[in-house]
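Structure file model07.cif (mmCIF, C-alpha atoms) is printed below.
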data_input
loop_
_atom_site.label_atom_id
_atom_site.label_comp_id
_atom_site.auth_asym_id
_atom_site.auth_seq_id
_atom_site.Cartn_x
_atom_site.Cartn_y
_atom_site.Cartn_z
CA VAL A 26 -11.01 -6.84 13.88
CA VAL A 27 -11.00 -3.86 16.26
CA GLY A 28 -7.50 -2.71 15.30
CA ASN A 29 -8.15 -2.94 11.59
CA ALA A 30 -11.62 -1.44 11.77
CA VAL A 31 -10.27 1.59 13.59
CA GLN A 32 -7.22 1.77 11.37
CA ALA A 33 -9.35 1.74 8.24
CA SER A 34 -10.57 5.16 9.23
CA ALA A 35 -7.01 6.43 9.02
CA MET A 36 -7.06 5.92 5.29
CA ALA A 37 -10.07 8.19 4.97
CA SER A 38 -8.76 10.82 7.32
CA ILE A 39 -5.06 10.87 6.43
CA TYR A 40 -5.41 10.54 2.66
CA GLY A 41 -8.53 12.65 2.60
CA MET A 42 -7.03 15.50 4.53
CA THR A 43 -3.78 15.35 2.59
CA MET A 44 -5.68 15.48 -0.66
CA GLY A 45 -7.95 18.19 0.70
CA ILE A 46 -4.98 20.52 1.07
CA ALA A 47 -2.54 19.30 -1.55
CA ASN A 48 -5.13 19.06 -4.32
CA GLU A 49 -5.94 22.74 -3.95
CA ARG A 50 -2.44 23.39 -5.15
CA TRP A 51 -2.58 20.65 -7.76
CA PHE A 52 -5.81 21.96 -9.26
CA GLY A 53 -4.69 25.57 -9.09
CA THR A 54 -7.37 26.69 -6.65
CA LEU A 55 -5.04 27.38 -3.75
CA PRO A 56 -4.40 31.07 -4.52
CA SER A 57 -8.14 31.73 -4.76
CA LEU A 58 -8.68 29.96 -1.47
CA LEU A 59 -5.92 31.82 0.31
CA ALA A 60 -6.99 35.13 -1.20
CA THR A 61 -10.21 34.99 0.77
CA PRO A 62 -10.37 36.85 4.07
CA ALA A 63 -11.84 33.77 5.76
CA ASN A 64 -10.47 32.72 9.10
CA ARG A 65 -7.86 30.09 8.35
CA LEU A 66 -8.56 28.00 11.43
CA ALA A 67 -12.26 27.84 10.61
CA LEU A 68 -11.43 27.18 6.98
CA PHE A 69 -9.21 24.18 7.62
CA CYS A 70 -11.36 22.82 10.44
CA GLY A 71 -14.27 23.00 8.05
CA ARG A 72 -12.30 21.12 5.45
CA ALA A 73 -11.50 18.45 8.03
CA LEU A 74 -15.07 17.77 9.14
CA PRO A 75 -16.19 15.74 6.09
CA PHE A 76 -13.10 13.57 6.42
CA VAL A 77 -13.85 12.93 10.08
CA ALA A 78 -17.40 11.92 9.18
CA ASN A 79 -16.13 9.75 6.34
CA GLY A 80 -13.57 8.09 8.63
CA VAL A 81 -16.26 7.25 11.18
CA LEU A 82 -18.39 5.71 8.43
CA VAL A 83 -15.44 3.68 7.14
CA SER A 84 -14.68 2.43 10.62
CA ALA A 85 -18.33 1.56 11.23
CA PHE A 86 -18.33 -0.41 7.99
CA GLY A 87 -15.21 -2.28 9.15
CA PHE A 88 -16.91 -3.23 12.40
CA ALA A 89 -20.07 -4.26 10.55
CA VAL A 90 -18.10 -6.54 8.22
CA GLY A 91 -16.31 -8.01 11.21
CA LEU A 92 -19.64 -8.72 12.87
CA LEU A 93 -21.14 -10.27 9.74
CA LEU A 94 -18.23 -12.28 8.37
CA LEU A 95 -15.55 -12.74 11.00
CA ASP A 96 -17.46 -13.85 14.09
CA PHE A 97 -16.61 -10.62 15.86
CA ARG A 98 -18.87 -10.07 18.85
CA LEU A 99 -19.71 -6.70 20.29
CA ALA A 100 -22.08 -6.04 23.16
CA PRO A 101 -24.67 -3.38 22.29
CA SER A 102 -23.81 -1.62 25.52
CA ALA A 103 -20.27 -1.08 24.21
CA LEU A 104 -21.44 0.77 21.10
CA PRO A 105 -21.67 4.32 22.50
CA GLY A 106 -18.23 4.07 24.09
CA LEU A 107 -16.75 2.58 20.95
CA ALA A 108 -18.32 5.31 18.84
CA CYS A 109 -16.80 7.94 21.11
CA VAL A 110 -13.35 6.34 20.83
CA VAL A 111 -13.61 6.06 17.06
CA VAL A 112 -14.68 9.68 16.62
CA ILE A 113 -11.74 10.92 18.70
CA THR A 114 -9.31 8.62 16.92
CA VAL A 115 -10.51 9.70 13.50
CA ALA A 116 -10.29 13.36 14.50
CA SER A 117 -6.78 12.73 15.75
CA CYS A 118 -5.80 11.06 12.48
CA THR A 119 -7.33 13.96 10.59
CA GLY A 120 -5.07 16.32 12.52
CA PHE A 121 -2.14 14.23 11.41
CA GLY A 122 -3.45 14.24 7.85
CA LEU A 123 -3.71 18.02 8.02
CA LEU A 124 -0.05 18.14 8.97
CA LEU A 125 0.90 15.96 6.02
CA GLY A 126 -1.35 18.03 3.76
CA SER A 127 0.31 21.23 4.92
CA ILE A 128 3.62 19.82 3.73
CA GLY A 129 1.90 19.60 0.38
CA LEU A 130 2.01 23.38 0.19
CA ARG A 131 5.75 23.07 -0.15
CA ALA A 132 6.69 19.50 -1.13
CA ARG A 133 6.28 18.40 -4.71
CA ASP A 134 5.14 14.86 -3.98
CA VAL A 135 3.16 14.90 -0.78
CA PHE A 136 1.44 11.62 -1.57
CA PHE A 137 4.71 9.80 -1.12
CA ILE A 138 4.79 11.12 2.44
CA SER A 139 1.18 10.27 3.18
CA ASN A 140 1.52 6.81 1.65
CA LEU A 141 4.69 6.19 3.64
CA PHE A 142 3.15 7.27 6.94
CA TYR A 143 -0.01 5.33 6.28
CA PHE A 144 1.97 2.10 5.88
CA LEU A 145 4.30 2.90 8.76
CA MET A 146 1.29 3.43 11.00
CA LEU A 147 0.19 -0.11 10.20
CA LEU A 148 3.46 -1.28 11.72
CA PHE A 149 3.94 1.20 14.54
CA CYS A 150 0.45 1.75 15.91
CA GLY A 151 -0.40 -1.69 17.20
CA VAL A 152 -2.95 -2.42 14.48
CA ASN A 153 -1.93 -6.05 14.04
CA VAL A 154 1.24 -6.29 16.07
CA PRO A 155 1.04 -5.53 19.80
CA LEU A 156 3.35 -2.71 20.83
CA ASP A 157 5.01 -5.08 23.30
CA ALA A 158 6.14 -7.24 20.40
CA LEU A 159 7.90 -4.33 18.70
CA PRO A 160 11.42 -3.13 19.51
CA GLY A 161 11.40 -0.30 22.04
CA ALA A 162 12.25 2.43 19.53
CA LEU A 163 9.45 1.43 17.17
CA ALA A 164 6.97 1.22 20.03
CA ALA A 165 8.03 4.69 21.20
CA VAL A 166 7.41 6.08 17.72
CA GLY A 167 4.03 4.37 17.72
CA ARG A 168 3.05 6.05 20.97
CA ALA A 169 3.78 9.43 19.44
CA LEU A 170 1.51 8.75 16.48
CA PRO A 171 -2.27 9.04 16.36
CA LEU A 172 -4.25 5.81 16.28
CA THR A 173 -2.12 3.90 18.80
CA HIS A 174 -3.94 4.94 21.94
CA GLY A 175 -7.27 4.96 20.16
CA ILE A 176 -6.88 1.36 19.05
CA GLU A 177 -5.88 0.33 22.56
CA ALA A 178 -8.91 2.10 23.99
CA ALA A 179 -11.23 0.65 21.36
CA ARG A 180 -10.01 -2.87 22.10
CA ALA A 181 -10.66 -2.41 25.80
CA VAL A 182 -14.12 -0.93 25.23
CA ALA A 183 -15.02 -3.68 22.75
CA ALA A 184 -13.94 -6.23 25.35
CA GLY A 185 -16.42 -4.75 27.79
CA ALA A 186 -14.43 -2.14 29.69
CA PRO A 187 -16.34 1.02 30.65
CA LEU A 188 -15.36 4.25 28.95
CA ARG A 189 -13.98 5.75 32.15
CA ALA A 190 -11.50 2.87 32.37
CA VAL A 191 -9.86 4.07 29.16
CA ASP A 192 -10.26 7.79 29.64
CA HIS A 193 -6.50 8.23 29.94
CA LEU A 194 -6.02 6.56 26.56
CA ILE A 195 -8.70 8.71 24.99
CA ALA A 196 -7.09 11.80 26.48
CA GLN A 197 -3.71 10.76 25.11
CA GLU A 198 -5.19 10.15 21.68
CA ALA A 199 -6.91 13.53 21.71
CA LEU A 200 -3.73 15.21 22.92
CA VAL A 201 -1.63 13.61 20.18
CA GLY A 202 -4.17 14.62 17.54
CA ALA A 203 -4.39 18.16 18.90
CA ALA A 204 -0.61 18.47 18.87
CA TYR A 205 -0.49 17.45 15.22
CA GLY A 206 -3.38 19.77 14.44
CA VAL A 207 -1.61 22.73 16.03
CA ALA A 208 1.62 21.88 14.22
CA ALA A 209 -0.33 21.60 10.97
CA TYR A 210 -1.96 24.99 11.47
CA ALA A 211 1.41 26.59 12.22
CA LEU A 212 2.93 25.02 9.11
CA LEU A 213 0.00 26.07 6.96
CA ARG A 214 0.33 29.67 8.07
CA LEU A 215 4.09 29.56 7.63
CA PHE A 216 3.90 28.10 4.13
CA GLU A 217 1.12 30.49 3.22
CA ALA A 218 3.19 33.46 4.33
CA GLU A 219 6.25 32.09 2.52
CA GLY A 220 4.20 31.38 -0.59
CA ARG A 221 2.84 34.92 -0.61
CA ARG A 222 6.26 36.44 -0.04
CA ARG A 223 7.95 34.46 -2.77
CA ALA A 224 4.93 34.08 -5.05
CA THR A 225 5.40 30.31 -5.00
CA LEU A 226 1.92 29.13 -4.05
CA GLU A 227 1.48 27.38 -7.36
CA THR A 228 5.02 26.23 -7.92
CA MET A 229 4.96 22.50 -8.51
CA VAL B 24 9.46 -4.72 -33.23
CA THR B 25 12.11 -6.18 -30.95
CA ARG B 26 13.96 -2.88 -30.89
CA LEU B 27 10.74 -1.08 -30.03
CA LEU B 28 9.97 -3.48 -27.21
CA VAL B 29 13.49 -3.36 -25.77
CA ALA B 30 13.80 0.42 -26.06
CA GLY B 31 10.34 0.95 -24.58
CA TRP B 32 11.01 -1.48 -21.76
CA ALA B 33 14.34 0.15 -20.90
CA PHE B 34 12.87 3.64 -20.99
CA HIS B 35 9.87 2.80 -18.84
CA ARG B 36 11.97 0.78 -16.41
CA LYS B 37 14.25 3.75 -15.83
CA SER B 38 11.34 6.13 -15.65
CA LEU B 39 9.43 4.00 -13.16
CA SER B 40 12.56 3.46 -11.09
CA LEU B 41 12.71 7.22 -10.52
CA SER B 42 9.05 7.49 -9.54
CA THR B 43 8.66 7.95 -5.80
CA PHE B 44 5.32 6.16 -5.96
CA PHE B 45 6.90 3.06 -7.46
CA ILE B 46 9.87 3.23 -5.12
CA LEU B 47 7.36 3.18 -2.29
CA THR B 48 5.23 0.42 -3.80
CA SER B 49 8.04 -1.82 -4.94
CA ALA B 50 10.68 -1.34 -2.27
CA ILE B 51 9.40 0.32 0.91
CA GLN B 52 5.88 -1.00 1.27
CA PRO B 53 6.87 -4.70 0.94
CA VAL B 54 9.53 -4.26 3.62
CA ILE B 55 6.97 -2.70 5.96
CA PHE B 56 4.52 -5.54 5.31
CA ALA B 57 7.27 -8.11 5.75
CA SER B 58 8.13 -6.51 9.10
CA ILE B 59 4.49 -6.61 10.18
CA ALA B 60 4.24 -10.26 9.16
CA PHE B 61 7.47 -11.09 10.92
CA TYR B 62 6.42 -9.48 14.21
CA MET B 63 3.00 -11.11 13.94
CA PHE B 64 4.56 -14.52 13.39
CA ARG B 65 7.02 -13.98 16.20
CA ALA B 66 4.28 -12.80 18.57
CA GLY B 67 2.38 -15.96 17.65
CA GLY B 68 5.41 -18.19 18.23
CA HIS B 69 6.12 -18.89 14.56
CA ALA B 70 9.51 -17.23 14.14
CA PRO B 71 10.88 -19.79 11.64
CA THR B 72 8.41 -18.52 9.06
CA LEU B 73 10.41 -15.37 8.45
CA LEU B 74 11.34 -16.45 4.93
CA TYR B 75 7.66 -17.04 4.26
CA ALA B 76 6.94 -13.47 5.34
CA ALA B 77 9.73 -12.07 3.20
CA ILE B 78 8.68 -13.89 0.05
CA GLY B 79 5.00 -13.25 0.62
CA ALA B 80 5.55 -9.53 1.13
CA GLY B 81 7.81 -9.42 -1.90
CA LEU B 82 5.11 -11.00 -4.03
CA MET B 83 2.58 -8.57 -2.64
CA GLY B 84 4.83 -5.79 -3.87
CA ILE B 85 5.12 -7.38 -7.30
CA TRP B 86 1.36 -7.60 -7.56
CA SER B 87 0.86 -4.00 -6.39
CA THR B 88 3.44 -2.67 -8.80
CA THR B 89 1.99 -4.55 -11.73
CA LEU B 90 -1.54 -3.60 -10.78
CA PHE B 91 -0.91 0.11 -10.33
CA GLY B 92 1.65 0.39 -13.09
CA SER B 93 -0.24 -1.45 -15.76
CA GLY B 94 -3.69 -0.50 -14.60
CA GLY B 95 -2.76 3.14 -14.52
CA SER B 96 -0.67 3.21 -17.67
CA ILE B 97 -3.42 4.28 -20.05
CA GLN B 98 -4.88 6.64 -17.50
CA TRP B 99 -1.52 8.38 -17.12
CA GLN B 100 -1.26 8.79 -20.85
CA ARG B 101 -4.76 10.19 -20.91
CA PHE B 102 -3.98 12.53 -18.02
CA GLN B 103 -0.77 13.76 -19.64
CA GLY B 104 -2.48 14.24 -22.97
CA THR B 105 -0.27 11.77 -24.80
CA LEU B 106 -2.80 8.99 -25.30
CA GLU B 107 -4.09 10.37 -28.60
CA LEU B 108 -0.56 10.75 -29.95
CA LEU B 109 0.35 7.19 -29.04
CA VAL B 110 -2.84 5.79 -30.53
CA ALA B 111 -2.28 7.81 -33.70
CA ALA B 112 1.34 6.66 -34.04
CA PRO B 113 2.09 4.22 -36.89
CA VAL B 114 3.24 1.61 -34.40
CA PRO B 115 0.39 -0.59 -33.14
CA PHE B 116 -0.74 0.69 -29.77
CA VAL B 117 -0.35 -2.71 -28.16
CA LEU B 118 3.36 -2.61 -28.96
CA VAL B 119 3.58 0.71 -27.17
CA LEU B 120 1.77 -0.67 -24.18
CA VAL B 121 3.55 -4.02 -23.81
CA PRO B 122 6.96 -2.53 -22.89
CA LEU B 123 5.29 -0.42 -20.23
CA THR B 124 3.50 -3.35 -18.65
CA LEU B 125 6.66 -5.47 -18.85
CA ALA B 126 8.57 -2.64 -17.20
CA THR B 127 6.09 -2.47 -14.32
CA ALA B 128 6.47 -6.20 -13.77
CA THR B 129 10.24 -5.80 -13.86
CA ILE B 130 10.06 -3.07 -11.24
CA GLY B 131 8.07 -5.52 -9.15
CA ILE B 132 11.16 -7.70 -8.90
CA TYR B 133 12.60 -4.95 -6.70
CA SER B 134 10.02 -5.98 -4.10
CA LEU B 135 11.32 -9.48 -3.75
CA THR B 136 14.88 -8.25 -3.74
CA ALA B 137 14.06 -5.68 -1.08
CA THR B 138 12.31 -8.12 1.24
CA LEU B 139 14.95 -10.83 0.86
CA LEU B 140 17.70 -8.28 1.48
CA TRP B 141 15.68 -6.97 4.42
CA GLY B 142 15.60 -10.45 5.93
CA TRP B 143 19.26 -11.06 5.21
CA LEU B 144 20.56 -7.74 6.54
CA LEU B 145 18.30 -7.21 9.54
CA PHE B 146 17.19 -10.66 10.59
CA ASP B 147 20.06 -12.85 9.46
CA ILE B 148 18.06 -15.09 7.16
CA PRO B 149 20.67 -17.09 5.29
CA LEU B 150 19.62 -17.51 1.68
CA ARG B 151 21.09 -19.40 -1.18
CA VAL B 152 19.59 -20.34 -4.50
CA VAL B 153 19.55 -24.12 -4.66
CA HIS B 154 18.80 -24.24 -8.39
CA PRO B 155 20.35 -21.18 -9.98
CA LEU B 156 19.50 -22.25 -13.54
CA GLU B 157 15.84 -22.63 -12.74
CA PHE B 158 16.00 -19.37 -10.85
CA ALA B 159 17.50 -17.63 -13.86
CA MET B 160 14.69 -18.98 -16.02
CA ALA B 161 11.95 -18.29 -13.51
CA VAL B 162 12.63 -14.59 -13.05
CA PRO B 163 12.21 -13.53 -16.69
CA ALA B 164 9.27 -15.92 -17.06
CA THR B 165 7.64 -14.26 -14.09
CA VAL B 166 8.28 -10.83 -15.54
CA LEU B 167 6.78 -11.91 -18.83
CA GLY B 168 3.75 -13.52 -17.24
CA LEU B 169 3.04 -10.58 -14.96
CA GLY B 170 3.74 -8.10 -17.70
CA LEU B 171 1.15 -9.77 -19.91
CA LEU B 172 -1.27 -9.87 -17.02
CA GLY B 173 -0.60 -6.16 -16.75
CA LEU B 174 -1.53 -5.82 -20.40
CA VAL B 175 -4.82 -7.52 -19.65
CA LEU B 176 -5.39 -5.06 -16.82
CA ALA B 177 -4.43 -2.06 -18.92
CA SER B 178 -6.71 -3.06 -21.75
CA SER B 179 -9.52 -3.82 -19.30
CA PHE B 180 -9.20 -0.40 -17.71
CA VAL B 181 -9.02 1.54 -20.96
CA LEU B 182 -12.69 2.45 -20.99
CA TYR B 183 -12.87 3.12 -17.29
CA ARG B 184 -12.03 6.69 -16.39
CA HIS B 185 -11.47 5.90 -12.72
CA ALA B 186 -9.09 3.00 -13.20
CA ASN B 187 -7.10 4.01 -10.14
CA ALA B 188 -10.14 3.30 -7.95
CA LEU B 189 -10.48 -0.13 -9.54
CA ALA B 190 -6.77 -0.78 -9.04
CA ASN B 191 -7.07 0.16 -5.37
CA LEU B 192 -10.04 -2.16 -5.10
CA LEU B 193 -8.10 -5.08 -6.53
CA GLU B 194 -4.97 -4.75 -4.44
CA TYR B 195 -5.84 -6.06 -0.97
CA PRO B 196 -8.43 -8.70 -2.00
CA VAL B 197 -5.90 -10.32 -4.31
CA TRP B 198 -3.30 -10.36 -1.57
CA LEU B 199 -5.83 -12.20 0.55
CA ALA B 200 -7.27 -14.50 -2.10
CA THR B 201 -3.90 -15.59 -3.44
CA GLY B 202 -2.53 -16.64 -0.08
CA LEU B 203 0.38 -14.25 -0.08
CA LEU B 204 0.45 -13.89 3.67
CA VAL B 205 -2.41 -16.07 4.87
CA PRO B 206 -2.19 -19.73 3.85
CA LEU B 207 -4.92 -20.68 1.39
CA SER B 208 -5.91 -23.57 3.62
CA LEU B 209 -7.31 -21.05 6.09
CA LEU B 210 -9.58 -19.50 3.48
CA PRO B 211 -13.00 -20.84 2.46
CA GLY B 212 -12.94 -23.36 -0.37
CA TRP B 213 -14.84 -21.10 -2.77
CA THR B 214 -11.89 -18.70 -2.81
CA HIS B 215 -9.44 -21.27 -4.19
CA PRO B 216 -10.51 -21.01 -7.86
CA ILE B 217 -10.00 -17.26 -7.60
CA ALA B 218 -6.46 -17.89 -6.48
CA TRP B 219 -5.77 -20.16 -9.41
CA VAL B 220 -6.64 -17.56 -12.01
CA LEU B 221 -4.53 -14.87 -10.39
CA ALA B 222 -0.84 -14.51 -10.91
CA PRO B 223 1.04 -14.77 -7.64
CA ARG B 224 -1.02 -17.63 -6.27
CA CYS B 225 1.26 -20.59 -6.96
CA SER B 226 4.34 -19.02 -5.59
CA ALA B 227 2.66 -17.87 -2.42
CA ALA B 228 0.90 -21.13 -1.69
CA ARG B 229 3.94 -23.27 -2.33
CA CYS B 230 6.19 -20.87 -0.49
CA SER B 231 3.92 -21.07 2.50
CA ARG B 232 4.12 -24.84 2.58
CA SER B 233 7.84 -25.10 1.99
CA CYS B 234 8.90 -22.23 4.17
CA SER B 235 6.98 -23.54 7.13
CA SER B 236 8.52 -26.94 6.69
CA PRO B 237 11.06 -28.03 9.30
CA ILE B 238 13.44 -29.13 6.58
CA SER B 239 15.86 -26.59 5.28
CA ALA B 240 14.98 -26.39 1.63
CA ALA B 241 12.21 -23.98 0.92
CA SER B 242 10.74 -24.32 -2.48
CA ALA B 243 8.78 -21.66 -4.24
CA ALA B 244 7.06 -21.84 -7.56
CA TRP B 245 6.70 -18.77 -9.65
CA PRO B 246 3.37 -17.69 -10.98
CA THR B 247 1.55 -19.32 -13.80
CA THR B 248 -0.70 -16.63 -15.08
CA PRO B 249 -3.72 -16.91 -17.32
CA SER B 250 -2.27 -14.18 -19.47
CA SER B 251 0.92 -16.14 -19.95
CA TRP B 252 -1.07 -19.26 -20.76
CA SER B 253 -3.04 -17.49 -23.39
CA ALA B 254 -0.30 -15.36 -24.84
CA THR B 255 2.87 -17.39 -24.62
CA ARG B 256 1.96 -20.81 -23.30
CA CYS B 257 4.89 -20.53 -20.97
CA ARG B 258 4.83 -22.19 -17.60
CA PRO B 259 7.60 -20.83 -15.44
CA PRO B 260 9.79 -23.43 -13.80
CA ARG B 261 10.17 -23.80 -10.09
CA TRP B 262 12.38 -21.46 -8.20
CA ARG B 263 13.93 -22.81 -5.07
CA VAL B 264 15.26 -20.79 -2.17
CA SER B 265 16.94 -22.40 0.72
CA THR B 266 17.36 -21.39 4.29
CA ALA B 267 20.67 -22.89 5.31
#

For the structure just supplied, provide its representation as structure tokens.
Amino acid sequence: VVGNAVQASAMASIYGMTMGIANERWFGTLPSLLATPANRLALFCGRALPFVANGVLVSAFGFAVGLLLLDFRLAPSALPGLACVVVITVASCTGFGLLLGSIGLRARDVFFISNLFYFLMLLFCGVNVPLDALPGALAAVGRALPLTHGIEAARAVAAGAPLRAVDHLIAQEALVGAAYGVAAYALLRLFEAEGRRRATLETM
Amino acid sequence: VTRLLVAGWAFHRKSLSLSTFFILTSAIQPVIFASIAFYMFRAGGHAPTLLYAAIGAGLMGIWSTTLFGSGGSIQWQRFQGTLELLVAAPVPFVLVLVPLTLATATIGIYSLTATLLWGWLLFDIPLRVVHPLEFAMAVPATVLGLGLLGLVLASSFVLYRHANALANLLEYPVWLATGLLVPLSLLPGWTHPIAWVLAPRCSAARCSRSCSSPISAASAAWPTTPSSWSATRCRPPRWRVSTA
């Protein structure tokens, strides 16, 4: 229940963020957006916030369904810690979604990429299969993706562990998400500059 | 009419085969789900059920392809601005739609092929068709049944402008309710009638029983769909797959 409830948020954050960027191009609003003098970092962080909030809601719904239908038990004292883990995990996934969305400024079919990564994350990130049960290479890929450390932390917190016992996992999750976010920002600026130079912002 | 159906089917099959979305849905996604199922089974000490995972994931892909392909067919035409032209054409619209839905079901066969090849190439699952004649009859019957189910979906979604949302909504619950990866016996009794009216149910349930059997022959029955009952009265024969 924990793995899937946390993973459900990835759908909101990864698809949402990908669509948030790629649809600007699809709907022809990208040039108008990029013509504004607005700070790009603030612009894209602002775009990400609704998806983070949506992801947290989706995850909360997953936990609620688990509690109501699947005999999942969660101590009330674990709720604040779990909420903290979920927020960081969703933010991390949103950073990854931003990276995929930035590819949408250049790639024709970005949804293939986001769909592919979404399904691969089901396999690699320990959602249903423990990382120990995966071959070493797959587990290594999983550790480099968002969600993996967050799910591990959420499982521990849901089982009653204090938040400080999983702080290293939370830090790793935040670090992974930040790395993807930075890469996404760099790619966005690069593709924006390239698009301006070649006048290819709207090329599909 | 036959020429129209064959030409339409061939065109849409080729067109869908080049779509990255359908490549993902029909070939990549089932392999990923089969891998997840395999590692889950192995982690739980049920390694011999690999064939079950492969067939179940393949059928999941068939369902997804039919659902998205047929459910989205009219919406795509609407989005591309060709719906009015097709409706206004002298050919009855249903004859334009049937080849498309049959093509999506045909593309779904890629899923089963992909997952069985995945098992054979990566996990050494030996496969042989015990009853090739029945197999040869079952595959087109399945395509026909699912294609007609797709027609039901397409016609149901015609008035709904957000058919893609409805298609997304129907994907996972049907996987669950039809026992594609979780045996039906584990589900509450009230879900069983739902499974019976949905296409991939028979194959999945019987696969699950036969593939988990200690004996070598694994039998699988192909779907018997309500659409095929109503439209063609065909009941696909059994298809048997054997682990050596």

Open item on the list: Show me, as a list in words, the residues that have an atom within 8 Å of Arg180 in chain A when counting only C-alpha atoms, minus same-chain residues fewer than 4 positions from it.
Closed with: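 Once the adjacent positions are removed, what remains is Val27, Gly28, Ile176 and Ala184 of chain A.
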
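Here CA of Ser49 in chain B stands at a distance of 6.1 Å from CA of Thr88 in chain B.
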
Task: Interface list for chain B, partner chain A, 7 Å threshold, only C-alpha atoms, as a VMD selection string - done: chain B and resid 43 to 44 52 55 59 62 to 63 66

Open item on the list: Can you pull out the residues contacting range 89-95 of chain A? Cut-off 9 Å, using all atoms listed in the file, and skip same-chain residues under 3 positions away; I want them as a list in words.
Closed with: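 Returned residues: Val26, Val27, Ala30, Ser84, Ala85, Phe86, Arg98 and Leu99 of chain A.
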
Quick one: apply the PyMOL selection byres ((chain B and resi 125) around 12) to the file and drop the selected residues here as a PDB file with C-alpha atoms, keeping the file's coordinate frame.
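The resulting file, selection21.pdb, is shown below:
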ATOM      1  CA  LEU B  28       9.970  -3.480 -27.210  1.00  0.00           C
ATOM      2  CA  VAL B  29      13.490  -3.360 -25.770  1.00  0.00           C
ATOM      3  CA  ALA B  30      13.800   0.420 -26.060  1.00  0.00           C
ATOM      4  CA  GLY B  31      10.340   0.950 -24.580  1.00  0.00           C
ATOM      5  CA  TRP B  32      11.010  -1.480 -21.760  1.00  0.00           C
ATOM      6  CA  ALA B  33      14.340   0.150 -20.900  1.00  0.00           C
ATOM      7  CA  PHE B  34      12.870   3.640 -20.990  1.00  0.00           C
ATOM      8  CA  HIS B  35       9.870   2.800 -18.840  1.00  0.00           C
ATOM      9  CA  ARG B  36      11.970   0.780 -16.410  1.00  0.00           C
ATOM     10  CA  LEU B  39       9.430   4.000 -13.160  1.00  0.00           C
ATOM     11  CA  ILE B  85       5.120  -7.380  -7.300  1.00  0.00           C
ATOM     12  CA  THR B  88       3.440  -2.670  -8.800  1.00  0.00           C
ATOM     13  CA  THR B  89       1.990  -4.550 -11.730  1.00  0.00           C
ATOM     14  CA  LEU B  90      -1.540  -3.600 -10.780  1.00  0.00           C
ATOM     15  CA  GLY B  92       1.650   0.390 -13.090  1.00  0.00           C
ATOM     16  CA  SER B  93      -0.240  -1.450 -15.760  1.00  0.00           C
ATOM     17  CA  SER B  96      -0.670   3.210 -17.670  1.00  0.00           C
ATOM     18  CA  VAL B 117      -0.350  -2.710 -28.160  1.00  0.00           C
ATOM     19  CA  LEU B 118       3.360  -2.610 -28.960  1.00  0.00           C
ATOM     20  CA  VAL B 119       3.580   0.710 -27.170  1.00  0.00           C
ATOM     21  CA  LEU B 120       1.770  -0.670 -24.180  1.00  0.00           C
ATOM     22  CA  VAL B 121       3.550  -4.020 -23.810  1.00  0.00           C
ATOM     23  CA  PRO B 122       6.960  -2.530 -22.890  1.00  0.00           C
ATOM     24  CA  LEU B 123       5.290  -0.420 -20.230  1.00  0.00           C
ATOM     25  CA  THR B 124       3.500  -3.350 -18.650  1.00  0.00           C
ATOM     26  CA  ALA B 126       8.570  -2.640 -17.200  1.00  0.00           C
ATOM     27  CA  THR B 127       6.090  -2.470 -14.320  1.00  0.00           C
ATOM     28  CA  ALA B 128       6.470  -6.200 -13.770  1.00  0.00           C
ATOM     29  CA  THR B 129      10.240  -5.800 -13.860  1.00  0.00           C
ATOM     30  CA  ILE B 130      10.060  -3.070 -11.240  1.00  0.00           C
ATOM     31  CA  GLY B 131       8.070  -5.520  -9.150  1.00  0.00           C
ATOM     32  CA  ILE B 132      11.160  -7.700  -8.900  1.00  0.00           C
ATOM     33  CA  PRO B 163      12.210 -13.530 -16.690  1.00  0.00           C
ATOM     34  CA  ALA B 164       9.270 -15.920 -17.060  1.00  0.00           C
ATOM     35  CA  THR B 165       7.640 -14.260 -14.090  1.00  0.00           C
ATOM     36  CA  VAL B 166       8.280 -10.830 -15.540  1.00  0.00           C
ATOM     37  CA  LEU B 167       6.780 -11.910 -18.830  1.00  0.00           C
ATOM     38  CA  GLY B 168       3.750 -13.520 -17.240  1.00  0.00           C
ATOM     39  CA  LEU B 169       3.040 -10.580 -14.960  1.00  0.00           C
ATOM     40  CA  GLY B 170       3.740  -8.100 -17.700  1.00  0.00           C
ATOM     41  CA  LEU B 171       1.150  -9.770 -19.910  1.00  0.00           C
ATOM     42  CA  LEU B 172      -1.270  -9.870 -17.020  1.00  0.00           C
ATOM     43  CA  GLY B 173      -0.600  -6.160 -16.750  1.00  0.00           C
ATOM     44  CA  LEU B 174      -1.530  -5.820 -20.400  1.00  0.00           C
ATOM     45  CA  VAL B 175      -4.820  -7.520 -19.650  1.00  0.00           C
ATOM     46  CA  ALA B 177      -4.430  -2.060 -18.920  1.00  0.00           C
TER      47      ALA B 177
END

Open item on the list: Running the PyMOL selection byres ((chain B and resi 77-84) around 7) on this model by hand, what would come out? Give it as a PyMOL selection string.
Closed with: chain B and resi 48-49+53+56-57+73-76+85-88+131+134-135+138-139+142+198+203-204+223+227

TODO: For the structure shown, which residues end up in the PyMOL selection byres ((chain A and resi 31-35) around 8)? Put them as number ranges by chain, please?
DONE: A: 27-30, 36-40, 79-84, 87, 111, 114-115, 118-119, 143, 147, 152, 172, 175-176, 179

- [ ] May I have the residues within 9 Å of Ile217 in chain B as a list in words, using only C-alpha atoms and disregarding those fewer than 4 positions away in the same chain?
- [x]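 Final neighbour list, sorted by chain and number: Val197, Ala200, Thr201, Trp213 and Leu221 of chain B.
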